[in-house]
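Q: This one is my_file.txt, compact mmCIF, C-alpha atoms and all ligand atoms.
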# COMPACT_ATOMS: atom_id res chain seq x y z
CA MET A 250 6.86 6.16 33.67
CA THR A 251 9.16 6.02 30.63
CA ARG A 252 9.75 9.16 28.62
CA LEU A 253 7.95 7.67 25.64
CA ALA A 254 4.92 6.78 27.78
CA SER A 255 4.82 10.36 29.08
CA LEU A 256 4.62 11.66 25.50
CA LEU A 257 1.61 9.50 24.70
CA ARG A 258 -1.84 11.02 25.23
CA ASP A 259 -4.82 9.28 26.72
CA GLN A 260 -6.19 6.89 24.03
CA ASP A 261 -3.54 8.40 21.77
CA PRO A 262 -4.76 8.44 18.15
CA ILE A 263 -1.18 7.83 17.01
CA LEU A 264 -1.48 4.28 18.41
CA GLN A 265 -4.83 3.62 16.70
CA ALA A 266 -5.70 2.98 13.06
CA LEU A 267 -6.97 6.17 11.41
CA ARG A 268 -10.35 5.72 9.75
CA ILE A 269 -11.11 7.84 6.68
CA GLY A 270 -14.26 6.81 4.82
CA PRO A 271 -14.06 3.08 4.14
CA HIS A 272 -10.31 2.81 4.78
CA THR A 273 -7.96 2.60 7.71
CA PHE A 274 -4.52 4.15 7.62
CA PRO A 275 -1.78 4.22 10.28
CA GLY A 276 -2.63 6.70 13.05
CA ILE A 277 0.49 8.73 12.36
CA TRP A 278 -0.83 9.69 8.93
CA GLN A 279 -2.99 12.38 10.55
CA TYR A 280 0.25 14.10 11.60
CA MET A 281 2.77 13.31 8.88
CA LEU A 282 0.61 14.28 5.87
CA PRO A 283 -1.11 17.57 4.99
CA GLN A 284 -4.34 18.18 6.93
CA GLU A 285 -6.26 18.20 3.63
CA PHE A 286 -5.49 14.49 3.27
CA LEU A 287 -8.02 13.78 6.01
CA GLY A 288 -10.78 15.36 3.93
CA LEU A 289 -10.24 13.32 0.75
CA LYS A 290 -12.98 11.07 -0.54
CA PHE A 291 -11.26 7.77 -1.24
CA PRO A 292 -12.51 5.15 -3.68
CA ALA A 293 -14.28 2.43 -1.69
CA GLU A 294 -12.26 -0.37 -3.35
CA SER A 295 -15.29 -2.56 -2.86
CA ARG A 296 -13.76 -5.57 -4.62
CA ALA A 297 -10.67 -5.80 -2.39
CA THR A 298 -12.57 -7.60 0.36
CA CYS A 299 -9.48 -8.73 2.24
CA MET A 300 -11.01 -11.07 4.81
CA ASN A 301 -12.98 -12.71 1.99
CA CYS A 302 -10.11 -12.34 -0.44
CA PRO A 303 -11.13 -12.83 -4.09
CA LYS A 304 -7.52 -13.55 -5.01
CA ALA A 305 -7.47 -16.45 -2.56
CA CYS A 306 -10.90 -17.64 -3.78
CA TYR A 307 -10.22 -17.50 -7.52
CA ASP A 308 -6.60 -16.76 -8.21
CA SER A 309 -4.87 -19.45 -6.12
CA TYR A 310 -3.33 -16.98 -3.66
CA ARG A 311 -2.47 -18.59 -0.33
CA ALA A 312 -5.54 -18.25 1.90
CA ASP A 313 -3.34 -17.53 4.93
CA TYR A 314 -0.99 -14.84 3.56
CA ARG A 315 -2.90 -13.57 0.51
CA CYS A 316 -0.95 -10.51 -0.75
CA CYS A 317 1.33 -10.39 2.33
CA THR A 318 3.93 -12.47 0.49
CA TYR A 319 6.53 -9.74 0.60
CA HIS A 320 8.83 -8.06 3.09
CA PRO A 321 7.77 -4.45 3.66
CA ARG A 322 10.26 -1.83 4.82
CA VAL A 323 8.70 -0.45 7.99
CA PRO A 324 10.29 2.72 9.43
CA ASN A 325 11.96 2.69 12.85
CA PHE A 326 9.53 5.19 14.44
CA LEU A 327 6.52 3.08 13.43
CA LEU A 328 8.15 0.00 14.93
CA GLY A 329 8.91 2.03 18.07
CA LEU A 330 5.20 2.88 18.30
CA ALA A 331 4.22 -0.73 17.57
CA LEU A 332 6.37 -1.75 20.54
CA GLN A 333 3.82 0.02 22.77
CA THR A 334 1.20 -2.61 21.90
CA GLU A 335 1.29 -6.24 22.99
CA GLN A 336 0.95 -7.73 19.51
CA GLY A 337 3.34 -5.25 17.98
CA ARG A 338 5.96 -5.91 20.65
CA GLY A 339 5.99 -9.64 19.83
CA SER A 340 6.18 -8.90 16.13
CA VAL A 341 9.04 -6.39 16.36
CA LYS A 342 11.02 -8.67 18.69
CA GLY A 343 10.57 -11.39 16.05
CA LEU A 344 12.21 -9.10 13.46
CA LEU A 345 15.18 -8.63 15.75
CA ASP A 346 15.53 -12.38 16.24
CA ARG A 347 15.39 -12.98 12.48
CA GLY A 348 18.04 -10.34 11.74
CA MET A 349 15.59 -8.15 9.77
CA LEU A 350 15.92 -5.06 11.94
CA LEU A 351 18.25 -2.23 10.90
CA PRO A 352 18.50 1.25 12.43
CA GLU A 353 16.13 2.61 9.75
CA GLY A 354 13.57 -0.07 10.63
CA MET A 355 12.52 -3.39 9.13
CA HIS A 356 14.77 -4.05 6.16
CA TYR A 357 15.01 -7.22 4.06
CA ALA A 358 18.49 -8.55 3.33
CA PRO A 359 19.71 -8.56 -0.31
CA GLY A 360 19.14 -12.31 -0.75
CA GLN A 361 15.55 -11.91 0.44
CA TRP A 362 14.97 -9.27 -2.22
CA ILE A 363 16.28 -11.67 -4.86
CA ASP A 364 13.81 -14.28 -3.55
CA TYR A 365 11.04 -11.72 -4.04
CA LEU A 366 12.15 -11.05 -7.63
CA ASP A 367 12.25 -14.79 -8.19
CA ASP A 368 8.63 -15.00 -7.02
CA LEU A 369 7.64 -12.23 -9.42
CA GLN A 370 9.39 -14.01 -12.28
CA ALA A 371 7.64 -17.29 -11.45
CA GLU A 372 4.32 -15.41 -11.01
CA SER A 373 4.27 -16.68 -7.42
CA PHE A 374 3.35 -13.41 -5.73
CA GLY A 375 0.51 -14.37 -3.39
CA ARG A 376 1.57 -18.02 -3.61
CA SER A 377 5.12 -17.77 -2.31
CA GLU A 378 6.64 -20.36 -0.01
CA LYS A 379 9.72 -18.32 0.80
CA VAL A 380 8.75 -14.64 1.06
CA LEU A 381 6.20 -14.29 3.84
CA CYS A 382 5.72 -11.19 5.96
CA PRO A 383 6.71 -11.94 9.56
CA HIS A 384 4.07 -9.50 10.84
CA LEU A 385 1.16 -11.62 9.68
CA ASP A 386 -0.55 -13.58 12.44
CA GLN A 387 -1.07 -17.00 10.87
CA SER A 388 -3.67 -17.97 13.45
CA ASN A 389 -6.19 -15.42 12.13
CA GLY A 390 -4.75 -13.80 8.99
CA TYR A 391 -4.52 -10.32 10.59
CA CYS A 392 -1.56 -7.97 10.51
CA ARG A 393 0.01 -7.63 13.96
CA ILE A 394 1.20 -4.08 13.21
CA HIS A 395 -1.90 -2.94 11.34
CA ALA A 396 -1.98 0.56 12.85
CA PHE A 397 1.77 0.90 12.17
CA ARG A 398 2.12 -0.66 8.72
CA ASN A 399 4.01 1.19 6.03
CA SER A 400 2.76 3.20 3.09
CA VAL A 401 2.96 0.32 0.61
CA CYS A 402 0.79 -1.95 2.78
CA SER A 403 -1.61 0.90 3.55
CA THR A 404 -2.35 1.70 -0.09
CA PHE A 405 -2.35 -1.70 -1.75
CA PHE A 406 -5.61 -2.94 -3.27
CA CYS A 407 -5.55 -5.84 -5.71
CA TYR A 408 -8.62 -4.56 -7.58
CA LYS A 409 -9.42 -0.89 -8.01
CA ASP A 410 -12.96 0.47 -8.30
CA HIS A 411 -11.64 3.17 -10.63
CA GLY A 412 -9.43 0.98 -12.81
CA ASP A 413 -6.21 2.56 -14.11
CA LEU A 414 -7.07 5.99 -12.69
CA GLY A 415 -7.51 4.46 -9.24
CA ASP A 416 -4.26 2.59 -9.66
CA HIS A 417 -2.50 5.82 -10.50
CA PHE A 418 -4.04 7.66 -7.56
CA TRP A 419 -3.07 5.03 -5.00
CA SER A 420 0.44 4.72 -6.35
CA GLN A 421 0.84 8.51 -5.96
CA VAL A 422 -0.35 8.28 -2.34
CA GLN A 423 2.00 5.38 -1.77
CA THR A 424 4.99 7.29 -3.14
CA LEU A 425 4.10 10.30 -1.00
CA GLY A 426 3.78 8.19 2.15
CA SER A 427 7.03 6.30 1.42
CA GLN A 428 8.95 9.52 0.86
CA VAL A 429 7.70 11.04 4.11
CA GLU A 430 8.52 7.81 5.95
CA ALA A 431 12.04 7.76 4.49
CA ALA A 432 12.70 11.35 5.57
CA LEU A 433 11.31 10.87 9.08
CA GLN A 434 13.15 7.62 9.72
CA GLN A 435 16.47 9.31 8.97
CA TRP A 436 15.54 12.55 10.72
CA SER A 437 14.57 10.65 13.89
CA LEU A 438 17.91 8.81 13.85
CA PHE A 439 19.68 12.16 13.54
CA VAL A 440 17.69 13.62 16.44
CA VAL A 441 18.56 10.78 18.80
CA GLY A 442 22.26 11.16 18.02
CA PHE A 443 22.68 8.13 15.77
CA ASP A 444 25.66 8.68 13.46
CA LEU A 445 24.06 8.59 9.99
CA SER A 446 27.30 9.29 8.18
CA ARG A 447 28.97 6.27 9.82
CA TYR A 448 25.88 4.17 8.99
CA PHE A 449 26.00 4.90 5.26
CA LYS A 450 29.77 4.36 5.21
CA ALA A 451 29.12 0.93 6.77
CA PHE A 452 26.78 0.18 3.85
CA ASP A 453 29.53 1.34 1.46
CA ARG A 454 31.96 -1.11 3.10
CA LEU A 455 29.44 -3.95 2.78
CA ALA A 456 28.86 -3.32 -0.94
CA PRO A 457 31.73 -5.58 -2.16
CA GLU A 458 30.42 -8.34 0.12
CA ILE A 459 26.82 -8.12 -1.01
CA LEU A 460 26.58 -11.83 -1.79
CA LYS A 461 27.67 -12.76 1.75
CA VAL A 462 25.49 -10.48 3.90
CA THR A 463 22.28 -12.55 3.80
CA ASP A 464 21.56 -15.18 6.43
CA LYS A 465 18.69 -17.73 6.31
CA THR A 466 16.13 -15.30 7.71
CA GLY A 467 17.72 -11.87 7.47
CA TRP A 468 21.13 -10.19 7.68
CA GLN A 469 24.34 -11.94 8.75
CA GLU A 470 25.69 -11.08 12.20
CA PHE A 471 28.84 -9.37 10.85
CA ALA A 472 26.68 -7.07 8.68
CA LEU A 473 24.42 -6.24 11.62
CA ASP A 474 27.50 -5.41 13.74
CA GLU A 475 28.73 -3.03 11.04
CA LEU A 476 25.40 -1.29 10.53
CA TRP A 477 24.33 -0.93 14.17
CA GLY A 478 27.73 0.16 15.48
CA ASN A 479 27.59 0.96 19.19
CA TRP A 480 23.79 0.62 19.22
CA ARG A 481 24.11 -3.18 18.73
CA GLY A 482 22.35 -4.83 21.65
CA ARG A 483 20.12 -1.78 22.14
CA GLU A 484 18.11 -2.13 18.93
CA LEU A 485 14.63 -1.88 20.44
CA GLU A 486 15.77 1.06 22.52
CA LEU A 487 16.69 2.86 19.30
CA MET A 488 13.28 2.10 17.75
CA GLU A 489 11.59 3.63 20.80
CA ALA A 490 13.91 6.62 20.82
CA CYS A 491 12.93 7.31 17.19
CA ALA A 492 9.25 7.02 18.16
CA GLU A 493 9.88 9.52 20.96
CA ALA A 494 11.41 11.99 18.51
CA VAL A 495 8.34 11.71 16.31
CA LEU A 496 5.92 12.02 19.23
CA GLU A 497 7.64 15.15 20.47
CA GLN A 498 7.33 16.80 17.07
CA ARG A 499 4.06 15.29 15.96
CA GLU A 500 2.61 18.67 14.94
CA ASN A 501 5.62 19.46 12.72
CA LEU A 502 6.21 16.16 10.92
CA TRP A 503 5.03 17.32 7.50
CA GLU A 504 7.37 20.33 7.55
CA ILE A 505 10.24 18.19 8.83
CA ALA A 506 9.73 15.61 6.08
CA ASN A 507 9.81 18.43 3.52
CA SER A 508 13.09 19.83 4.73
CA PHE A 509 15.21 16.91 5.93
CA PRO A 510 17.46 15.55 3.15
CA ILE A 511 17.33 11.79 2.58
CA ASP A 512 20.67 10.00 2.21
CA GLU A 513 21.61 6.55 0.94
CA SER A 514 24.64 4.43 0.10
CA LYS A 515 25.03 4.59 -3.66
CA PRO A 516 27.77 1.90 -3.76
CA PHE A 517 25.50 -0.50 -1.86
CA ASP A 518 22.47 0.25 -4.06
CA LYS A 519 24.53 -0.29 -7.20
CA ALA A 520 25.99 -3.53 -5.85
CA LEU A 521 22.44 -4.66 -5.03
CA ILE A 522 21.30 -4.15 -8.63
CA ARG A 523 24.46 -5.87 -9.95
CA SER A 524 23.79 -8.86 -7.68
CA VAL A 525 20.52 -9.66 -9.45
CA PRO A 526 20.94 -12.81 -11.57
CA ARG A 527 20.59 -12.12 -15.29
CA ARG A 528 17.40 -14.21 -15.52
CA LEU A 529 15.68 -11.86 -13.02
CA LYS A 530 16.85 -8.51 -14.40
CA ASP A 531 13.48 -7.83 -16.04
CA GLN A 532 11.80 -7.86 -12.64
CA VAL A 533 13.82 -4.91 -11.33
CA ASP A 534 12.08 -1.57 -11.40
CA PRO A 535 13.58 0.38 -14.37
CA GLU A 536 14.18 3.41 -12.11
CA ASP A 537 16.28 1.26 -9.79
CA GLN A 538 18.13 -0.23 -12.77
CA ALA A 539 19.03 3.26 -13.97
CA GLY A 540 20.51 4.05 -10.53
CA ASP A 541 18.87 7.47 -10.32
CA ASP A 542 21.43 9.99 -9.05
CA GLY A 543 18.97 12.88 -8.91
CA GLU A 544 17.47 14.44 -5.79
CA ALA A 545 14.55 12.70 -4.10
CA ALA A 546 11.18 14.26 -4.94
CA ARG A 547 9.91 16.65 -2.27
CA PRO A 548 6.77 15.51 -0.42
CA ARG A 549 5.10 18.85 -1.26
CA ASP A 550 5.47 18.17 -5.00
CA LEU A 551 4.27 14.59 -4.56
CA TRP A 552 1.22 15.88 -2.70
CA LEU A 553 0.33 18.12 -5.66
CA SER A 554 0.57 15.08 -7.96
CA CYS A 555 -1.72 13.18 -5.60
CA LEU A 556 -4.30 15.96 -5.78
CA LYS A 557 -4.13 16.05 -9.57
CA SER A 558 -4.88 12.35 -9.90
CA TYR A 559 -7.46 12.61 -7.12
CA HIS A 560 -9.50 15.14 -9.07
CA LYS A 561 -9.39 12.93 -12.15
CA LEU A 562 -11.04 10.17 -10.09
CA TRP A 563 -14.18 12.15 -9.50
CA ASP A 564 -14.55 14.50 -12.46
CA LEU A 565 -17.49 13.60 -14.64
CA PRO A 566 -16.45 13.97 -18.28
CA GLU A 567 -18.43 15.62 -21.05
CA GLY A 568 -20.01 13.65 -23.90
CA ALA A 569 -22.72 11.03 -24.35
CA PHE A 570 -22.18 7.74 -22.54
CA GLU A 571 -23.73 4.32 -22.95
CA LEU A 572 -23.25 0.82 -21.56
CA SER A 573 -20.08 -0.87 -22.74
CA PRO A 574 -20.57 -3.81 -25.09
CA ARG A 575 -18.08 -5.71 -22.89
CA ILE A 576 -20.54 -6.12 -20.03
CA ASP A 577 -23.44 -8.32 -19.12
CA ILE A 578 -25.75 -7.95 -16.11
CA LEU A 579 -27.05 -11.21 -14.68
CA PRO A 580 -28.97 -12.28 -11.57
CA ASN A 581 -26.74 -13.17 -8.62
CA GLU A 582 -27.40 -16.92 -8.32
CA GLY A 583 -25.54 -17.27 -5.01
CA SER A 584 -23.77 -20.29 -6.44
CA ASP A 585 -20.25 -19.80 -5.06
CA ALA A 586 -18.48 -18.30 -2.04
CA GLU A 587 -18.12 -14.85 -3.63
CA SER A 588 -21.72 -14.52 -4.74
CA VAL A 589 -22.91 -15.73 -1.32
CA TYR A 590 -20.73 -13.05 0.27
CA TYR A 591 -22.62 -10.48 -1.84
CA LYS A 592 -26.04 -12.01 -1.13
CA ASP A 593 -27.53 -8.56 -0.47
CA LYS A 594 -26.77 -7.62 -4.11
CA PRO A 595 -29.25 -9.32 -6.44
CA TYR A 596 -27.26 -8.72 -9.65
CA VAL A 597 -23.74 -9.26 -10.88
CA LEU A 598 -22.06 -7.39 -13.69
CA HIS A 599 -19.59 -9.41 -15.76
CA TYR A 600 -16.90 -7.42 -17.51
CA TYR A 601 -15.39 -9.41 -20.38
CA LEU A 602 -11.83 -9.30 -21.62
CA ARG A 603 -13.02 -8.25 -25.09
CA LYS A 604 -16.26 -7.52 -26.88
CA SER A 605 -18.00 -10.87 -27.65
CA SER A 606 -15.48 -12.72 -25.44
CA LYS A 607 -16.77 -15.29 -22.94
CA THR A 608 -13.81 -14.79 -20.60
CA ILE A 609 -14.74 -12.68 -17.58
CA ASP A 610 -12.11 -10.08 -16.68
CA TRP A 611 -13.80 -9.04 -13.42
CA LYS A 612 -17.18 -8.87 -11.70
CA LEU A 613 -19.13 -6.20 -9.86
CA TYR A 614 -22.10 -7.04 -7.65
CA LEU A 615 -25.00 -4.60 -7.95
CA SER A 616 -27.96 -3.57 -5.86
CA GLU A 617 -31.41 -3.30 -7.42
CA ALA A 618 -31.08 0.51 -7.55
CA GLN A 619 -27.62 0.42 -9.15
CA LYS A 620 -28.85 -2.00 -11.81
CA ARG A 621 -31.88 0.16 -12.54
CA PHE A 622 -29.65 3.21 -12.97
CA LEU A 623 -27.30 1.35 -15.32
CA GLU A 624 -30.20 0.21 -17.50
CA MET A 625 -30.86 3.88 -18.31
CA PHE A 626 -27.70 3.82 -20.39
CA ARG A 627 -28.69 0.66 -22.25
CA GLU A 628 -31.72 2.34 -23.72
CA GLU A 629 -29.82 5.36 -25.05
CA ALA A 630 -26.52 7.23 -24.77
CA ARG A 631 -26.77 10.06 -22.26
CA GLU A 632 -24.84 13.12 -21.23
CA LEU A 633 -23.75 12.97 -17.58
CA ASP A 634 -25.62 16.19 -16.91
CA TRP A 635 -28.22 17.65 -14.58
CA GLU A 636 -30.96 15.52 -16.13
CA VAL A 637 -29.16 12.31 -15.21
CA LEU A 638 -28.30 13.66 -11.76
CA MET A 639 -31.96 14.57 -11.13
CA SER A 640 -33.40 11.32 -12.48
CA ARG A 641 -35.35 9.05 -10.14
CA GLU A 642 -32.96 6.21 -10.97
CA PHE A 643 -29.88 8.22 -10.00
CA ARG A 644 -31.40 9.55 -6.80
CA GLY A 645 -32.21 5.97 -5.77
CA VAL A 646 -28.52 5.04 -5.66
CA PRO A 647 -26.77 5.77 -2.35
CA GLN A 648 -23.56 7.75 -3.00
CA GLY A 649 -24.71 8.04 -6.60
CA LYS A 650 -21.99 10.46 -7.74
CA GLU A 651 -19.26 8.14 -6.54
CA PHE A 652 -20.95 5.24 -8.26
CA LEU A 653 -21.28 7.19 -11.51
CA ALA A 654 -17.61 8.23 -11.45
CA GLN A 655 -16.67 4.60 -10.84
CA LEU A 656 -18.75 3.50 -13.86
CA VAL A 657 -16.85 5.92 -16.08
CA THR A 658 -13.35 5.20 -14.76
CA GLN A 659 -13.97 1.45 -14.99
CA LYS A 660 -15.23 1.85 -18.55
CA ILE A 661 -18.60 0.31 -17.74
CA LEU A 662 -20.03 3.45 -19.30
CA VAL A 663 -18.21 4.37 -22.48
CA ARG A 664 -18.46 7.24 -24.91
CA ARG A 665 -20.81 6.44 -27.72
CA GLN A 666 -18.20 6.84 -30.48
CA TYR A 667 -15.83 4.33 -28.89
CA HIS A 668 -17.41 1.24 -30.46
S1 LIG A 701 -5.74 -6.50 -1.16
FE1 LIG A 701 -4.77 -8.48 -0.71
S2 LIG A 701 -5.93 -9.40 0.97
FE2 LIG A 701 -7.13 -7.70 0.14
S3 LIG A 701 -8.51 -8.67 -1.31
FE3 LIG A 701 -6.70 -8.03 -2.46
S4 LIG A 701 -5.24 -9.75 -2.47
FE4 LIG A 701 -6.84 -10.13 -0.92
S1 LIG A 702 3.06 -5.48 7.49
FE1 LIG A 702 1.02 -6.31 7.74
S2 LIG A 702 -0.11 -5.66 5.93
FE2 LIG A 702 2.07 -5.41 5.49
S3 LIG A 702 2.68 -7.29 4.46
FE3 LIG A 702 3.05 -7.54 6.65
S4 LIG A 702 1.24 -8.54 7.48
FE4 LIG A 702 0.73 -7.69 5.47
Mind converting the file's structure to structure tokens?
Ligand code: SF4
Ligand code: SF4
A:
Amino acid sequence: MTRLASLLRDQDPILQALRIGPHTFPGIWQYMLPQEFLGLKFPAESRATCMNCPKACYDSYRADYRCCTYHPRVPNFLLGLALQTEQGRGSVKGLLDRGMLLPEGMHYAPGQWIDYLDDLQAESFGRSEKVLCPHLDQSNGYCRIHAFRNSVCSTFFCYKDHGDLGDHFWSQVQTLGSQVEAALQQWSLFVVGFDLSRYFKAFDRLAPEILKVTDKTGWQEFALDELWGNWRGRELELMEACAEAVLEQRENLWEIANSFPIDESKPFDKALIRSVPRRLKDQVDPEDQAGDDGEAARPRDLWLSCLKSYHKLWDLPEGAFELSPRIDILPNEGSDAESVYYKDKPYVLHYYLRKSSKTIDWKLYLSEAQKRFLEMFREEARELDWEVLMSREFRGVPQGKEFLAQLVTQKILVRRQYH
């Protein structure tokens, strides 16, 4: 039995997707985040129906890749865990063959990042021909490393039930997860004796050659030689060693992520930004453009920000609310693929771009009970108080409080004085 296998428990939850409410996260999230995370009530994100993707149905996204037209950075320890599954093993080996595997994990080459910016500029995200995630199984549209995907993939929803507030909440969770991942991927390298200082110096040396380091599908061989050093040829072994480090300390990962300093090669990062063609500069994140020299945010502080935006999701505000003039509620005619998918919901709410506009911004399918509850606010503006909560209409809606919060954050119910 290998050492890594001996560290795995029977039916180890770290190798399974973690289910919280309607969502699945990587199994390691139950160890690397605060325990309170497991008790959060997440927005259902009922419109991001991935295997019946609305973006593919109505927004010309590729039906096969949908929003997986990007190259995620997946940490070494997650890839080491993925190697313990049959599908994951094939996928991670594929990364190695393409030259997209670095000691920190899956890492796109600079030219691939420029391709991604080019897609953003051409509004081709979701339609790309050149930036396609190698982990997606084209035969069925599923992710081959689903239980080991990174924080960005785990928190991305094209439509948010709670509008801008939901967007803010998920982006806070994503930042938290990414920061913890970044700390643990470097910490695990340190633990297994990988020379991090030599690694970042290798990046420094590659900075002047940034335009030459990209191959057709990943990094050029000479760059890989530089970055891997004496681990070249033992790449998968290093991924598994990092997974071992994480498994051994699984109960302490949150504390480790909060105390291990994250390093980077500033010369390489600056060269990367400079390498962006002028026509694509607007697509670069302003924070990256500024070349932030400050310290990375601590996961503990990011967690507090997550909680702040979490509470805003569910707080019911004071004041009298009524139905927005930008909505219409119609019978669900079952006339297209989306409405057939929601055949158990007899109504559909259309939310228009503007008041009196005929252009639909988005739709929400409603049950009989949800529609009946909404109609209460057509008749008159109401406080979101005990009377509403005790009404027959409200009590008829399953998970009524969540639904009510969603109506407010999506501006389906608006304060009376707003129009
Ligand atoms: S999150 Fe992606 S796959 Fe899921 S519904 Fe949205 S675009 Fe489609
Ligand atoms: S890792 Fe999985 S979820 Fe993320 S982009 Fe790739 S296929 Fe999609």
Q: For a cutoff of 12 Å around the file-coordinate point (23.3, -1.4, -2.2), which residues qualify once you count only C-alpha atoms? I'd like the result as a PDB file with C-alpha atoms, in the frame of the given file.
A:
ATOM      1  CA  TYR A 357      15.010  -7.220   4.060  1.00  0.00           C
ATOM      2  CA  ALA A 358      18.490  -8.550   3.330  1.00  0.00           C
ATOM      3  CA  PRO A 359      19.710  -8.560  -0.310  1.00  0.00           C
ATOM      4  CA  GLY A 360      19.140 -12.310  -0.750  1.00  0.00           C
ATOM      5  CA  TRP A 362      14.970  -9.270  -2.220  1.00  0.00           C
ATOM      6  CA  PHE A 449      26.000   4.900   5.260  1.00  0.00           C
ATOM      7  CA  LYS A 450      29.770   4.360   5.210  1.00  0.00           C
ATOM      8  CA  ALA A 451      29.120   0.930   6.770  1.00  0.00           C
ATOM      9  CA  PHE A 452      26.780   0.180   3.850  1.00  0.00           C
ATOM     10  CA  ASP A 453      29.530   1.340   1.460  1.00  0.00           C
ATOM     11  CA  ARG A 454      31.960  -1.110   3.100  1.00  0.00           C
ATOM     12  CA  LEU A 455      29.440  -3.950   2.780  1.00  0.00           C
ATOM     13  CA  ALA A 456      28.860  -3.320  -0.940  1.00  0.00           C
ATOM     14  CA  PRO A 457      31.730  -5.580  -2.160  1.00  0.00           C
ATOM     15  CA  GLU A 458      30.420  -8.340   0.120  1.00  0.00           C
ATOM     16  CA  ILE A 459      26.820  -8.120  -1.010  1.00  0.00           C
ATOM     17  CA  LEU A 460      26.580 -11.830  -1.790  1.00  0.00           C
ATOM     18  CA  VAL A 462      25.490 -10.480   3.900  1.00  0.00           C
ATOM     19  CA  GLU A 513      21.610   6.550   0.940  1.00  0.00           C
ATOM     20  CA  SER A 514      24.640   4.430   0.100  1.00  0.00           C
ATOM     21  CA  LYS A 515      25.030   4.590  -3.660  1.00  0.00           C
ATOM     22  CA  PRO A 516      27.770   1.900  -3.760  1.00  0.00           C
ATOM     23  CA  PHE A 517      25.500  -0.500  -1.860  1.00  0.00           C
ATOM     24  CA  ASP A 518      22.470   0.250  -4.060  1.00  0.00           C
ATOM     25  CA  LYS A 519      24.530  -0.290  -7.200  1.00  0.00           C
ATOM     26  CA  ALA A 520      25.990  -3.530  -5.850  1.00  0.00           C
ATOM     27  CA  LEU A 521      22.440  -4.660  -5.030  1.00  0.00           C
ATOM     28  CA  ILE A 522      21.300  -4.150  -8.630  1.00  0.00           C
ATOM     29  CA  ARG A 523      24.460  -5.870  -9.950  1.00  0.00           C
ATOM     30  CA  SER A 524      23.790  -8.860  -7.680  1.00  0.00           C
ATOM     31  CA  VAL A 525      20.520  -9.660  -9.450  1.00  0.00           C
ATOM     32  CA  ASP A 537      16.280   1.260  -9.790  1.00  0.00           C
ATOM     33  CA  GLN A 538      18.130  -0.230 -12.770  1.00  0.00           C
ATOM     34  CA  GLY A 540      20.510   4.050 -10.530  1.00  0.00           C
TER      35      GLY A 540
END
Q: Compute the set of protein, DNA and RNA residues whose minimum atom distance to ligand LIG 702 (chain A) is at most 9 Å, using only C-alpha atoms and all ligand atoms, and state it as a count of residues only.
A: 30
Q: Which polymer residues have any atom within 7 Å of an atom of Glu632 (chain A), counting all atoms listed in the file, with same-chain residues fewer than 4 positions away left out, as a PDB file with C-alpha atoms, keeping the file's coordinate frame?
A:
ATOM      1  CA  GLU A 567     -18.430  15.620 -21.050  1.00  0.00           C
ATOM      2  CA  GLY A 568     -20.010  13.650 -23.900  1.00  0.00           C
ATOM      3  CA  ALA A 569     -22.720  11.030 -24.350  1.00  0.00           C
ATOM      4  CA  PHE A 570     -22.180   7.740 -22.540  1.00  0.00           C
TER       5      PHE A 570
END
Q: Which residues come within 7 Å of region 491-494 of chain A, counting all atoms listed in the file, excluding same-chain residues fewer than 2 positions away, as a PyMOL selection string?
A: chain A and resi 253+325-327+329-330+437-438+440-441+487-489+496-498
Q: Pick from A:Pro275, A:Pro510, A:Pro292, A:Gly343: nearest to Glu651 (chain A), with all atoms listed in the file counted?
A: A:Pro292
Q: Using all atoms listed in the file, which of the listed residues (A:Pro271, A:Gly467, A:Pro262, A:Pro303) sits closest to ligand LIG 701 (chain A)?
A: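 Closest candidate: A:Pro303.
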Q: What is the CA of Glu353 (chain A)-CA of Ala431 (chain A) distance in Å, reported with one decimal?
A: 8.4 Å
Q: Do you have the CA of Lys409 (chain A)-CA of Asp585 (chain A) distance handy?
A: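 A separation of 22.0 Å between them.
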Q: Just give me the gap between CA of Tyr591 (chain A) and CA of Trp611 (chain A) in Å, one decimal is fine.
A: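 These two atoms are separated by 14.6 Å.
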Q: Have region 414-420 of chain A completed to N, CA and C atoms, please, and pass it along as a short mmCIF file (atom, residue, chain, number, x, y, z; two decimals), in the coordinates of the input.
A:
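File written: result22.cif
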data_model
loop_
_atom_site.label_atom_id
_atom_site.label_comp_id
_atom_site.auth_asym_id
_atom_site.auth_seq_id
_atom_site.Cartn_x
_atom_site.Cartn_y
_atom_site.Cartn_z
N LEU A 414 -7.15 4.70 -13.39
CA LEU A 414 -7.07 5.99 -12.69
C LEU A 414 -6.91 5.78 -11.18
N GLY A 415 -7.63 4.79 -10.66
CA GLY A 415 -7.51 4.46 -9.24
C GLY A 415 -6.12 3.94 -8.94
N ASP A 416 -5.61 3.13 -9.83
CA ASP A 416 -4.26 2.59 -9.66
C ASP A 416 -3.25 3.73 -9.58
N HIS A 417 -3.42 4.68 -10.47
CA HIS A 417 -2.50 5.82 -10.50
C HIS A 417 -2.61 6.63 -9.20
N PHE A 418 -3.83 6.88 -8.78
CA PHE A 418 -4.04 7.66 -7.56
C PHE A 418 -3.36 6.99 -6.37
N TRP A 419 -3.63 5.70 -6.18
CA TRP A 419 -3.07 5.03 -5.00
C TRP A 419 -1.55 4.96 -5.08
N SER A 420 -1.03 4.80 -6.30
CA SER A 420 0.44 4.72 -6.35
C SER A 420 1.07 6.08 -6.04
#
